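Colleague: So here's work_20.cif, just mmCIF, C-alpha atoms:
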```cif
data_upload
#
loop_
_atom_site.group_PDB
_atom_site.id
_atom_site.type_symbol
_atom_site.label_atom_id
_atom_site.label_comp_id
_atom_site.auth_asym_id
_atom_site.auth_seq_id
_atom_site.Cartn_x
_atom_site.Cartn_y
_atom_site.Cartn_z
ATOM 1 C CA MET A 96 38.296 77.727 112.685
ATOM 2 C CA ASN A 97 34.848 77.183 111.191
ATOM 3 C CA LEU A 98 32.142 74.666 112.075
ATOM 4 C CA GLN A 99 32.993 72.243 109.262
ATOM 5 C CA ARG A 100 36.652 72.108 110.279
ATOM 6 C CA ILE A 101 35.695 71.540 113.933
ATOM 7 C CA ASN A 102 33.397 68.694 112.923
ATOM 8 C CA GLU A 103 36.096 67.157 110.738
ATOM 9 C CA ILE A 104 38.673 67.238 113.550
ATOM 10 C CA ILE A 105 36.430 65.519 116.096
ATOM 11 C CA ASP A 106 34.818 63.195 113.547
ATOM 12 C CA GLY A 107 31.397 64.315 114.694
ATOM 13 C CA THR A 108 27.972 64.833 113.153
ATOM 14 C CA ILE A 109 26.541 68.291 112.560
ATOM 15 C CA ARG A 110 22.933 68.151 113.763
ATOM 16 C CA LEU A 111 22.256 71.835 113.178
ATOM 17 C CA ASP A 112 24.302 74.224 111.074
ATOM 18 C CA CYS A 113 23.601 77.878 111.858
ATOM 19 C CA SER A 114 27.137 78.894 111.114
ATOM 20 C CA SER A 115 27.161 82.521 110.257
ATOM 21 C CA PHE A 116 30.278 82.623 112.407
ATOM 22 C CA HIS A 117 33.533 81.323 110.928
ATOM 23 C CA ASP A 118 36.254 82.155 113.353
ATOM 24 C CA TYR A 119 36.117 80.071 116.517
ATOM 25 C CA THR A 120 39.334 80.615 118.455
ATOM 26 C CA ASN A 121 38.544 79.103 121.882
ATOM 27 C CA ALA A 122 36.852 76.138 123.489
ATOM 28 C CA PHE A 123 35.442 75.552 126.960
ATOM 29 C CA ALA A 124 34.473 72.162 128.372
ATOM 30 C CA SER A 125 32.032 71.855 131.276
ATOM 31 C CA ASP A 126 28.930 70.037 132.439
ATOM 32 C CA LEU A 127 28.280 72.749 134.992
ATOM 33 C CA MET A 128 26.268 75.556 133.420
ATOM 34 C CA SER A 129 26.911 77.987 136.287
ATOM 35 C CA ASP A 130 30.611 77.714 135.425
ATOM 36 C CA VAL A 131 29.880 78.434 131.769
ATOM 37 C CA LEU A 132 28.182 81.633 132.933
ATOM 38 C CA ARG A 133 31.293 82.794 134.805
ATOM 39 C CA PHE A 134 33.529 83.474 131.820
ATOM 40 C CA GLN A 135 33.785 85.505 128.620
ATOM 41 C CA MET A 136 32.670 83.198 125.824
ATOM 42 C CA GLU A 137 33.069 85.197 122.625
ATOM 43 C CA LYS A 138 34.303 83.082 119.676
ATOM 44 C CA THR A 139 34.081 80.037 121.948
ATOM 45 C CA VAL A 140 32.809 76.515 121.325
ATOM 46 C CA LEU A 141 31.154 74.796 124.305
ATOM 47 C CA ILE A 142 31.975 71.105 124.748
ATOM 48 C CA THR A 143 29.660 69.328 127.180
ATOM 49 C CA GLY A 144 28.123 66.014 128.112
ATOM 50 C CA LEU A 145 25.138 67.791 129.639
ATOM 51 C CA CYS A 146 22.559 67.240 126.955
ATOM 52 C CA THR A 147 19.589 69.251 128.239
ATOM 53 C CA ILE A 148 17.535 72.231 127.163
ATOM 54 C CA GLN A 149 19.460 74.237 129.778
ATOM 55 C CA ALA A 150 22.721 73.771 127.869
ATOM 56 C CA ILE A 151 21.104 75.508 124.876
ATOM 57 C CA ARG A 152 19.560 78.237 127.026
ATOM 58 C CA THR A 153 22.873 78.853 128.812
ATOM 59 C CA ALA A 154 24.687 79.128 125.470
ATOM 60 C CA GLU A 155 22.140 81.668 124.290
ATOM 61 C CA ILE A 156 22.482 83.795 127.416
ATOM 62 C CA ILE A 157 26.315 83.870 127.229
ATOM 63 C CA ASN A 158 26.526 84.309 123.419
ATOM 64 C CA ILE A 159 27.914 80.881 122.514
ATOM 65 C CA SER A 160 27.042 79.963 118.918
ATOM 66 C CA CYS A 161 28.293 76.347 118.804
ATOM 67 C CA ILE A 162 27.820 73.424 121.205
ATOM 68 C CA ILE A 163 29.472 70.018 120.870
ATOM 69 C CA PHE A 164 27.717 67.270 122.823
ATOM 70 C CA GLY A 165 30.096 64.451 123.680
ATOM 71 C CA ARG A 166 29.703 60.906 125.002
ATOM 72 C CA GLY A 167 27.108 59.975 122.351
ATOM 73 C CA LYS A 168 24.292 62.042 123.857
ATOM 74 C CA GLN A 169 21.017 62.317 121.989
ATOM 75 C CA VAL A 170 19.812 65.817 121.199
ATOM 76 C CA THR A 171 16.034 66.214 121.465
ATOM 77 C CA GLU A 172 13.766 67.970 118.981
ATOM 78 C CA GLU A 173 12.921 70.572 121.631
ATOM 79 C CA MET A 174 16.635 71.381 121.997
ATOM 80 C CA LEU A 175 17.091 71.693 118.227
ATOM 81 C CA ILE A 176 14.121 74.053 117.927
ATOM 82 C CA LEU A 177 15.503 76.322 120.651
ATOM 83 C CA ALA A 178 19.016 76.166 119.145
ATOM 84 C CA LYS A 179 17.689 77.093 115.721
ATOM 85 C CA GLU A 180 15.720 80.005 117.155
ATOM 86 C CA HIS A 181 18.926 81.414 118.645
ATOM 87 C CA ARG A 182 21.234 80.397 115.770
ATOM 88 C CA ILE A 183 23.322 77.965 117.799
ATOM 89 C CA SER A 184 25.027 75.198 115.796
ATOM 90 C CA ILE A 185 24.893 71.703 117.279
ATOM 91 C CA VAL A 186 27.496 68.977 116.778
ATOM 92 C CA VAL A 187 27.335 65.521 118.369
ATOM 93 C CA SER A 188 30.096 62.988 118.871
ATOM 94 C CA GLY A 189 30.494 59.585 120.483
ATOM 95 C CA ALA A 190 33.899 60.639 121.831
ATOM 96 C CA THR A 191 34.370 61.733 125.426
ATOM 97 C CA VAL A 192 34.559 65.410 126.328
ATOM 98 C CA PHE A 193 38.258 64.874 127.164
ATOM 99 C CA GLU A 194 38.986 63.426 123.728
ATOM 100 C CA ILE A 195 37.064 66.177 121.884
ATOM 101 C CA ALA A 196 38.838 68.888 123.893
ATOM 102 C CA GLY A 197 42.226 67.244 123.261
ATOM 103 C CA LYS A 198 41.742 67.045 119.508
ATOM 104 C CA LEU A 199 40.571 70.646 119.226
ATOM 105 C CA TYR A 200 43.445 71.873 121.409
ATOM 106 C CA GLN A 201 45.914 69.937 119.276
ATOM 107 C CA ASN A 202 44.501 71.649 116.206
ATOM 108 C CA GLY A 203 44.787 75.163 117.522
ATOM 109 C CA LEU A 204 41.736 76.077 119.620
ATOM 110 C CA LYS A 205 42.803 77.788 122.827
ATOM 111 C CA PRO A 206 41.401 77.781 126.364
ATOM 112 C CA ILE A 207 39.296 80.800 127.247
ATOM 113 C CA PRO A 208 41.179 83.738 128.781
ATOM 114 C CA ARG A 209 41.155 83.511 132.597
ATOM 115 C CA MET B 153 9.216 100.483 130.294
ATOM 116 C CA LYS B 154 7.906 97.791 132.607
ATOM 117 C CA MET B 155 7.791 94.035 131.993
ATOM 118 C CA HIS B 156 6.290 91.242 134.055
ATOM 119 C CA TYR B 157 6.968 87.507 133.871
ATOM 120 C CA ASP B 158 5.609 84.562 135.821
ATOM 121 C CA ILE B 159 8.068 81.803 136.674
ATOM 122 C CA GLU B 160 6.927 78.250 137.299
ATOM 123 C CA GLY B 161 8.807 76.288 139.964
ATOM 124 C CA GLY B 162 10.242 72.998 138.749
ATOM 125 C CA ASN B 163 9.662 73.676 135.055
ATOM 126 C CA PHE B 164 13.167 73.427 133.621
ATOM 127 C CA SER B 165 11.948 73.454 130.015
ATOM 128 C CA ALA B 166 10.819 77.035 130.500
ATOM 129 C CA ALA B 167 13.698 78.151 132.741
ATOM 130 C CA GLY B 168 15.428 81.084 131.086
ATOM 131 C CA ARG B 169 12.541 82.216 128.892
ATOM 132 C CA ALA B 170 12.009 85.457 130.794
ATOM 133 C CA SER B 171 15.733 86.274 130.847
ATOM 134 C CA SER B 172 15.948 85.525 127.135
ATOM 135 C CA GLU B 173 13.049 87.884 126.367
ATOM 136 C CA ILE B 174 14.613 90.651 128.450
ATOM 137 C CA LYS B 175 17.980 90.125 126.769
ATOM 138 C CA LYS B 176 16.278 90.473 123.380
ATOM 139 C CA THR B 177 14.617 93.723 124.471
ATOM 140 C CA LEU B 178 17.915 95.168 125.745
ATOM 141 C CA LYS B 179 19.587 94.345 122.428
ATOM 142 C CA GLN B 180 16.756 96.065 120.565
ATOM 143 C CA PHE B 181 17.490 99.231 122.526
ATOM 144 C CA ASN B 182 21.162 98.968 121.619
ATOM 145 C CA ILE B 183 22.390 98.689 125.179
ATOM 146 C CA ALA B 184 26.149 97.993 125.172
ATOM 147 C CA PRO B 185 26.801 94.246 124.616
ATOM 148 C CA ALA B 186 28.922 93.931 127.773
ATOM 149 C CA LEU B 187 26.028 95.299 129.855
ATOM 150 C CA VAL B 188 23.484 93.076 128.101
ATOM 151 C CA ARG B 189 25.686 90.093 128.894
ATOM 152 C CA ARG B 190 25.985 91.004 132.600
ATOM 153 C CA ILE B 191 22.247 91.613 132.974
ATOM 154 C CA ALA B 192 21.305 88.419 131.083
ATOM 155 C CA ILE B 193 23.585 86.294 133.277
ATOM 156 C CA ALA B 194 22.273 87.799 136.530
ATOM 157 C CA LEU B 195 18.632 87.402 135.480
ATOM 158 C CA TYR B 196 19.116 83.882 134.173
ATOM 159 C CA GLU B 197 20.759 82.731 137.409
ATOM 160 C CA ALA B 198 17.928 84.365 139.368
ATOM 161 C CA GLU B 199 15.290 82.719 137.171
ATOM 162 C CA VAL B 200 16.932 79.302 137.480
ATOM 163 C CA ASN B 201 17.012 79.761 141.268
ATOM 164 C CA VAL B 202 13.226 80.224 141.324
ATOM 165 C CA VAL B 203 12.681 77.191 139.062
ATOM 166 C CA ALA B 204 15.105 75.110 141.121
ATOM 167 C CA HIS B 205 14.019 76.041 144.636
ATOM 168 C CA ALA B 206 10.586 77.678 144.698
ATOM 169 C CA TRP B 207 6.998 76.744 143.910
ATOM 170 C CA LYS B 208 6.336 79.815 141.829
ATOM 171 C CA GLY B 209 7.633 83.317 141.321
ATOM 172 C CA THR B 210 7.544 86.547 139.371
ATOM 173 C CA MET B 211 10.108 88.737 137.648
ATOM 174 C CA ASN B 212 9.292 92.447 137.392
ATOM 175 C CA VAL B 213 11.517 94.609 135.256
ATOM 176 C CA ASP B 214 11.718 98.391 135.186
ATOM 177 C CA LEU B 215 13.831 99.614 132.275
ATOM 178 C CA THR B 216 14.761 103.293 132.052
ATOM 179 C CA PRO B 217 17.446 105.197 130.127
ATOM 180 C CA GLU B 218 19.512 105.194 133.330
ATOM 181 C CA GLY B 219 19.448 101.481 134.006
ATOM 182 C CA ILE B 220 17.491 98.365 134.807
ATOM 183 C CA ASN B 221 15.847 97.412 138.078
ATOM 184 C CA VAL B 222 14.607 93.841 138.448
ATOM 185 C CA VAL B 223 12.676 92.340 141.345
ATOM 186 C CA VAL B 224 12.420 88.558 141.515
ATOM 187 C CA GLU B 225 10.008 87.298 144.163
ATOM 188 C CA ASP B 226 9.065 83.732 144.903
ATOM 189 C CA GLU B 227 6.872 81.629 147.102
ATOM 190 C CA GLY B 228 8.951 78.780 148.379
ATOM 191 C CA PRO B 229 11.059 77.390 151.197
ATOM 192 C CA GLY B 230 13.104 80.586 151.462
ATOM 193 C CA ILE B 231 16.734 80.820 152.558
ATOM 194 C CA GLU B 232 17.665 79.946 156.139
ATOM 195 C CA ASP B 233 21.052 81.647 156.159
ATOM 196 C CA ILE B 234 21.608 84.323 153.490
ATOM 197 C CA GLY B 235 25.256 84.815 154.461
ATOM 198 C CA LYS B 236 25.959 81.153 153.829
ATOM 199 C CA ALA B 237 23.911 81.125 150.614
ATOM 200 C CA MET B 238 26.141 83.896 149.254
ATOM 201 C CA GLU B 239 29.273 81.771 149.739
ATOM 202 C CA GLU B 240 30.639 80.128 146.598
ATOM 203 C CA GLY B 241 30.025 76.395 146.685
ATOM 204 C CA PHE B 242 27.179 76.392 149.223
ATOM 205 C CA SER B 243 23.985 74.871 147.828
ATOM 206 C CA THR B 244 20.844 73.120 148.982
ATOM 207 C CA ALA B 245 19.868 72.065 145.434
ATOM 208 C CA SER B 246 18.326 68.685 144.712
ATOM 209 C CA ASP B 247 19.905 66.019 142.502
ATOM 210 C CA ARG B 248 17.454 66.961 139.749
ATOM 211 C CA VAL B 249 18.728 70.531 139.755
ATOM 212 C CA ARG B 250 22.329 69.278 139.635
ATOM 213 C CA GLN B 251 21.462 67.068 136.665
ATOM 214 C CA MET B 252 20.411 70.247 134.866
ATOM 215 C CA GLY B 253 23.905 71.681 135.290
ATOM 216 C CA PHE B 254 23.156 73.956 138.233
ATOM 217 C CA GLY B 255 23.148 73.683 142.019
ATOM 218 C CA ALA B 256 26.884 74.030 142.558
ATOM 219 C CA GLY B 257 26.526 77.095 144.741
ATOM 220 C CA MET B 258 27.631 79.565 142.075
ATOM 221 C CA GLY B 259 24.301 81.259 141.329
ATOM 222 C CA LEU B 260 24.050 83.993 143.957
ATOM 223 C CA PRO B 261 27.782 84.904 143.831
ATOM 224 C CA ASN B 262 27.460 85.081 140.044
ATOM 225 C CA ILE B 263 24.452 87.407 140.326
ATOM 226 C CA ARG B 264 26.351 89.673 142.737
ATOM 227 C CA LYS B 265 29.331 89.767 140.358
ATOM 228 C CA ASN B 266 27.191 90.860 137.412
ATOM 229 C CA CYS B 267 25.080 93.629 138.917
ATOM 230 C CA ASP B 268 25.787 97.022 140.467
ATOM 231 C CA GLU B 269 23.447 96.582 143.418
ATOM 232 C CA MET B 270 21.825 93.470 144.856
ATOM 233 C CA TYR B 271 19.372 93.171 147.736
ATOM 234 C CA LEU B 272 18.324 89.762 149.007
ATOM 235 C CA SER B 273 15.795 89.046 151.727
ATOM 236 C CA SER B 274 13.989 85.878 152.687
ATOM 237 C CA THR B 275 11.497 84.445 155.131
ATOM 238 C CA PRO B 276 11.991 80.699 155.620
ATOM 239 C CA GLY B 277 8.833 78.797 154.702
ATOM 240 C CA VAL B 278 7.375 81.802 152.877
ATOM 241 C CA GLY B 279 9.670 82.973 150.097
ATOM 242 C CA THR B 280 12.535 85.067 148.824
ATOM 243 C CA ARG B 281 12.878 88.548 147.315
ATOM 244 C CA LEU B 282 15.836 89.528 145.163
ATOM 245 C CA GLU B 283 16.344 93.007 143.746
ATOM 246 C CA ILE B 284 19.012 93.676 141.149
ATOM 247 C CA LYS B 285 20.112 97.009 139.704
ATOM 248 C CA VAL B 286 22.448 97.649 136.794
ATOM 249 C CA TYR B 287 23.240 101.213 135.716
ATOM 250 C CA PHE B 288 23.865 101.881 132.059
ATOM 251 C CA GLY B 289 26.257 104.801 132.467
ATOM 252 C CA ALA B 290 26.762 107.665 130.056
ATOM 253 C CA SER B 291 28.545 105.742 127.319
ATOM 254 C CA SER B 292 26.392 102.626 127.235
ATOM 255 C CA VAL B 293 23.583 103.947 125.062
ATOM 256 C CA CYS B 294 24.367 105.764 121.848
ATOM 257 C CA GLU B 295 22.842 109.185 121.305
ATOM 258 C CA SER B 296 20.419 108.175 118.544
ATOM 259 C CA CYS B 297 19.255 105.077 120.434
ATOM 260 C CA HIS B 298 18.845 107.060 123.601
ATOM 261 C CA ARG B 299 16.334 109.258 121.843
ATOM 262 C CA ASN B 300 14.324 106.197 120.901
ATOM 263 C CA PHE B 301 14.318 104.810 124.391
ATOM 264 C CA PRO B 302 10.772 104.243 125.648
ATOM 265 C CA ALA B 303 9.420 106.698 128.165
ATOM 266 C CA GLU B 304 8.368 105.346 131.518
#
```
Could you take the file, read its structure, and then write that structure out as structure tokens?
Modeller:
Amino acid sequence: MNLQRINEIIDGTIRLDCSSFHDYTNAFASDLMSDVLRFQMEKTVLITGLCTIQAIRTAEIINISCIIFGRGKQVTEEMLILAKEHRISIVVSGATVFEIAGKLYQNGLKPIPR
Amino acid sequence: MKMHYDIEGGNFSAAGRASSEIKKTLKQFNIAPALVRRIAIALYEAEVNVVAHAWKGTMNVDLTPEGINVVVEDEGPGIEDIGKAMEEGFSTASDRVRQMGFGAGMGLPNIRKNCDEMYLSSTPGVGTRLEIKVYFGASSVCESCHRNFPAE
């Protein structure tokens, strides 16, 4: 699933499109960055309500190339600059993390392997 | 190859910069992606720990064809009970740290999981020293890249 399709499903807004990657197969939802760092995140979209510079930095460290910020969070310019530097696409949505995860699951994204 | 980074306590905007730079360097030397991932996670957790708990710290990296050795030292409150600090879920982090998505007591166990050797010592009221080693192994660096690896 590519970035455009993900955005369409959750009715979000793409704030930054760095999509060189077109085959997202998994999604992971968490506001706890230490938990994000505990799993394999290849081909995975991160869904979070934690809208801080650390969400971007964590994604970079664990090789996540797309973050969806839920609950209507505002992404700062500083976050966008860091995301662009590391080619991480940013999508925002007013929906809750639960709703975003549900819609993506319904449309075929899988949980990460445990 | 040796690298040195200063880490500023409390500065969450900069937290992860050193780990990110080291990750970039490891990728440039074509270290196996799985190893780069493990090292980046361990260093990032260690760096966030300094930012979250200490006043200031340093990260010193020694990169050789055999592996990476990283020493993270800080000046700060130290750790009262290292055994307890290594337990999953134990944390003394402030609310501010938790708002940043950390402080759930996963950091040190996550570091241990991602390195081959880990040595932690601390003097309460003075600071903490963490040493991490990850060995690259024979198959982790390709022959041509190995030749380009920087000499010590």
Colleague: Using only C-alpha atoms, find the one residue out of A:Arg100, A:Ser129, A:Ile109, A:Asn121 that sits nearest to Gly255 of chain B.
Modeller: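 Selected residue with least distance to Gly255 of chain B: A:Ser129.
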Colleague: Name the residues captured by the PyMOL selection byres ((chain B) within 8 of (chain A)) when it is applied to the shown file; answer as a PyMOL selection string.
Modeller: chain B and resi 164-165+167-168+171-172+175+189+192-193+196-197+251-254+256+258-259+262
Colleague: Can you spit out the residues from that selection as a PDB file, in the coordinates of the input, using C-alpha atoms?
Modeller:
```
ATOM      1  CA  PHE B 164      13.167  73.427 133.621  1.00  0.00           C
ATOM      2  CA  SER B 165      11.948  73.454 130.015  1.00  0.00           C
ATOM      3  CA  ALA B 167      13.698  78.151 132.741  1.00  0.00           C
ATOM      4  CA  GLY B 168      15.428  81.084 131.086  1.00  0.00           C
ATOM      5  CA  SER B 171      15.733  86.274 130.847  1.00  0.00           C
ATOM      6  CA  SER B 172      15.948  85.525 127.135  1.00  0.00           C
ATOM      7  CA  LYS B 175      17.980  90.125 126.769  1.00  0.00           C
ATOM      8  CA  ARG B 189      25.686  90.093 128.894  1.00  0.00           C
ATOM      9  CA  ALA B 192      21.305  88.419 131.083  1.00  0.00           C
ATOM     10  CA  ILE B 193      23.585  86.294 133.277  1.00  0.00           C
ATOM     11  CA  TYR B 196      19.116  83.882 134.173  1.00  0.00           C
ATOM     12  CA  GLU B 197      20.759  82.731 137.409  1.00  0.00           C
ATOM     13  CA  GLN B 251      21.462  67.068 136.665  1.00  0.00           C
ATOM     14  CA  MET B 252      20.411  70.247 134.866  1.00  0.00           C
ATOM     15  CA  GLY B 253      23.905  71.681 135.290  1.00  0.00           C
ATOM     16  CA  PHE B 254      23.156  73.956 138.233  1.00  0.00           C
ATOM     17  CA  ALA B 256      26.884  74.030 142.558  1.00  0.00           C
ATOM     18  CA  MET B 258      27.631  79.565 142.075  1.00  0.00           C
ATOM     19  CA  GLY B 259      24.301  81.259 141.329  1.00  0.00           C
ATOM     20  CA  ASN B 262      27.460  85.081 140.044  1.00  0.00           C
TER      21      ASN B 262
END
```
Colleague: Please, what distance in Å, to one decimal, runs between atom CA of Gly144 of chain A and atom CA of Phe193 of chain A?
Modeller: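 Atom-to-atom, atom CA of Gly144 of chain A and atom CA of Phe193 of chain A are spaced 10.2 Å apart.
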Colleague: Have a look at A:Ile195, A:Ile159, A:Met136, A:Met96 and name the one nearest to Ile207 of chain A; count only C-alpha atoms.
Modeller: A:Met136
Colleague: In terms of the shortest atom-to-atom distance over only C-alpha atoms, which of A:Val187, A:Ala178, A:Ile105, A:Leu111 is closest to Tyr200 of chain A?
Modeller: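 Looking only at the distances to Tyr200 of chain A, the closest residue turns out to be A:Ile105.
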Colleague: Hey, can you check how far atom CA of Arg281 of chain B sits from atom CA of Met153 of chain B?
Modeller: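 The value is 21.1 Å.
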Colleague: Applied to the shown file, which residues does the PyMOL selection byres ((chain B and resi 209-216) around 7) return, written as a PyMOL selection string?
Modeller: chain B and resi 153-160+202+208+217-227+304
Colleague: Need the shell around Ile263 of chain B: protein/DNA/RNA residues with any atom at most 9 Å away, counting only C-alpha atoms. Skip same-chain ones fewer than 2 positions apart. Format as a PyMOL selection string?
Modeller: chain B and resi 190-191+193-198+258-261+265-267+270+284
Colleague: Have a look at A:Glu180, A:Asp118, A:Asp112, A:Glu194 and name the one nearest to Ile162 of chain A; count only C-alpha atoms.
Modeller: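 Nearest candidate to Ile162 of chain A out of A:Glu180, A:Asp118, A:Asp112, A:Glu194: A:Asp112.
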Colleague: What does the distance between atom CA of Glu172 of chain A and atom CA of Lys198 of chain A come to in Å, to one decimal place?
Modeller: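 Atom CA of Lys198 of chain A lies 28.0 Å from atom CA of Glu172 of chain A.
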Colleague: Going by the chain IDs and residue numbers used in this file, which residues fall under the PyMOL selection byres ((chain A and resi 122) around 7)? Write them as a list in words.
Modeller: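 On the file shown, the PyMOL selection byres ((chain A and resi 122) around 7) covers Asn121, Phe123, Ala124, Thr139, Val140, Leu141, Leu204, Lys205, Pro206 and Ile207 of chain A.
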Colleague: What would segment 186-202 of chain B look like with N, CA and C atoms restored, written as a compact mmCIF listing (two decimals), in the frame of the given file?
Modeller:
```
# COMPACT_ATOMS: atom_id res chain seq x y z
N ALA B 186 28.35 94.39 126.49
CA ALA B 186 28.92 93.93 127.77
C ALA B 186 27.90 94.05 128.90
N LEU B 187 27.07 95.11 128.84
CA LEU B 187 26.03 95.30 129.85
C LEU B 187 24.90 94.30 129.66
N VAL B 188 24.54 94.06 128.40
CA VAL B 188 23.48 93.08 128.10
C VAL B 188 23.90 91.71 128.64
N ARG B 189 25.16 91.38 128.44
CA ARG B 189 25.69 90.09 128.89
C ARG B 189 25.58 89.98 130.42
N ARG B 190 26.03 91.03 131.13
CA ARG B 190 25.98 91.00 132.60
C ARG B 190 24.55 90.86 133.11
N ILE B 191 23.65 91.64 132.52
CA ILE B 191 22.25 91.61 132.97
C ILE B 191 21.64 90.24 132.68
N ALA B 192 21.89 89.72 131.48
CA ALA B 192 21.30 88.42 131.08
C ALA B 192 21.78 87.31 132.03
N ILE B 193 23.05 87.33 132.38
CA ILE B 193 23.58 86.29 133.28
C ILE B 193 22.91 86.39 134.66
N ALA B 194 22.86 87.61 135.19
CA ALA B 194 22.27 87.80 136.53
C ALA B 194 20.81 87.36 136.55
N LEU B 195 20.06 87.75 135.51
CA LEU B 195 18.63 87.40 135.48
C LEU B 195 18.42 85.91 135.28
N TYR B 196 19.24 85.32 134.44
CA TYR B 196 19.12 83.88 134.17
C TYR B 196 19.40 83.07 135.45
N GLU B 197 20.45 83.43 136.15
CA GLU B 197 20.76 82.73 137.41
C GLU B 197 19.60 82.89 138.40
N ALA B 198 19.04 84.11 138.45
CA ALA B 198 17.93 84.36 139.37
C ALA B 198 16.70 83.54 138.97
N GLU B 199 16.45 83.48 137.67
CA GLU B 199 15.29 82.72 137.17
C GLU B 199 15.46 81.22 137.46
N VAL B 200 16.66 80.73 137.21
CA VAL B 200 16.93 79.30 137.48
C VAL B 200 16.77 79.01 138.97
N ASN B 201 17.17 79.95 139.82
CA ASN B 201 17.01 79.76 141.27
C ASN B 201 15.55 79.56 141.64
N VAL B 202 14.66 80.37 141.03
CA VAL B 202 13.23 80.22 141.32
C VAL B 202 12.74 78.85 140.85
```
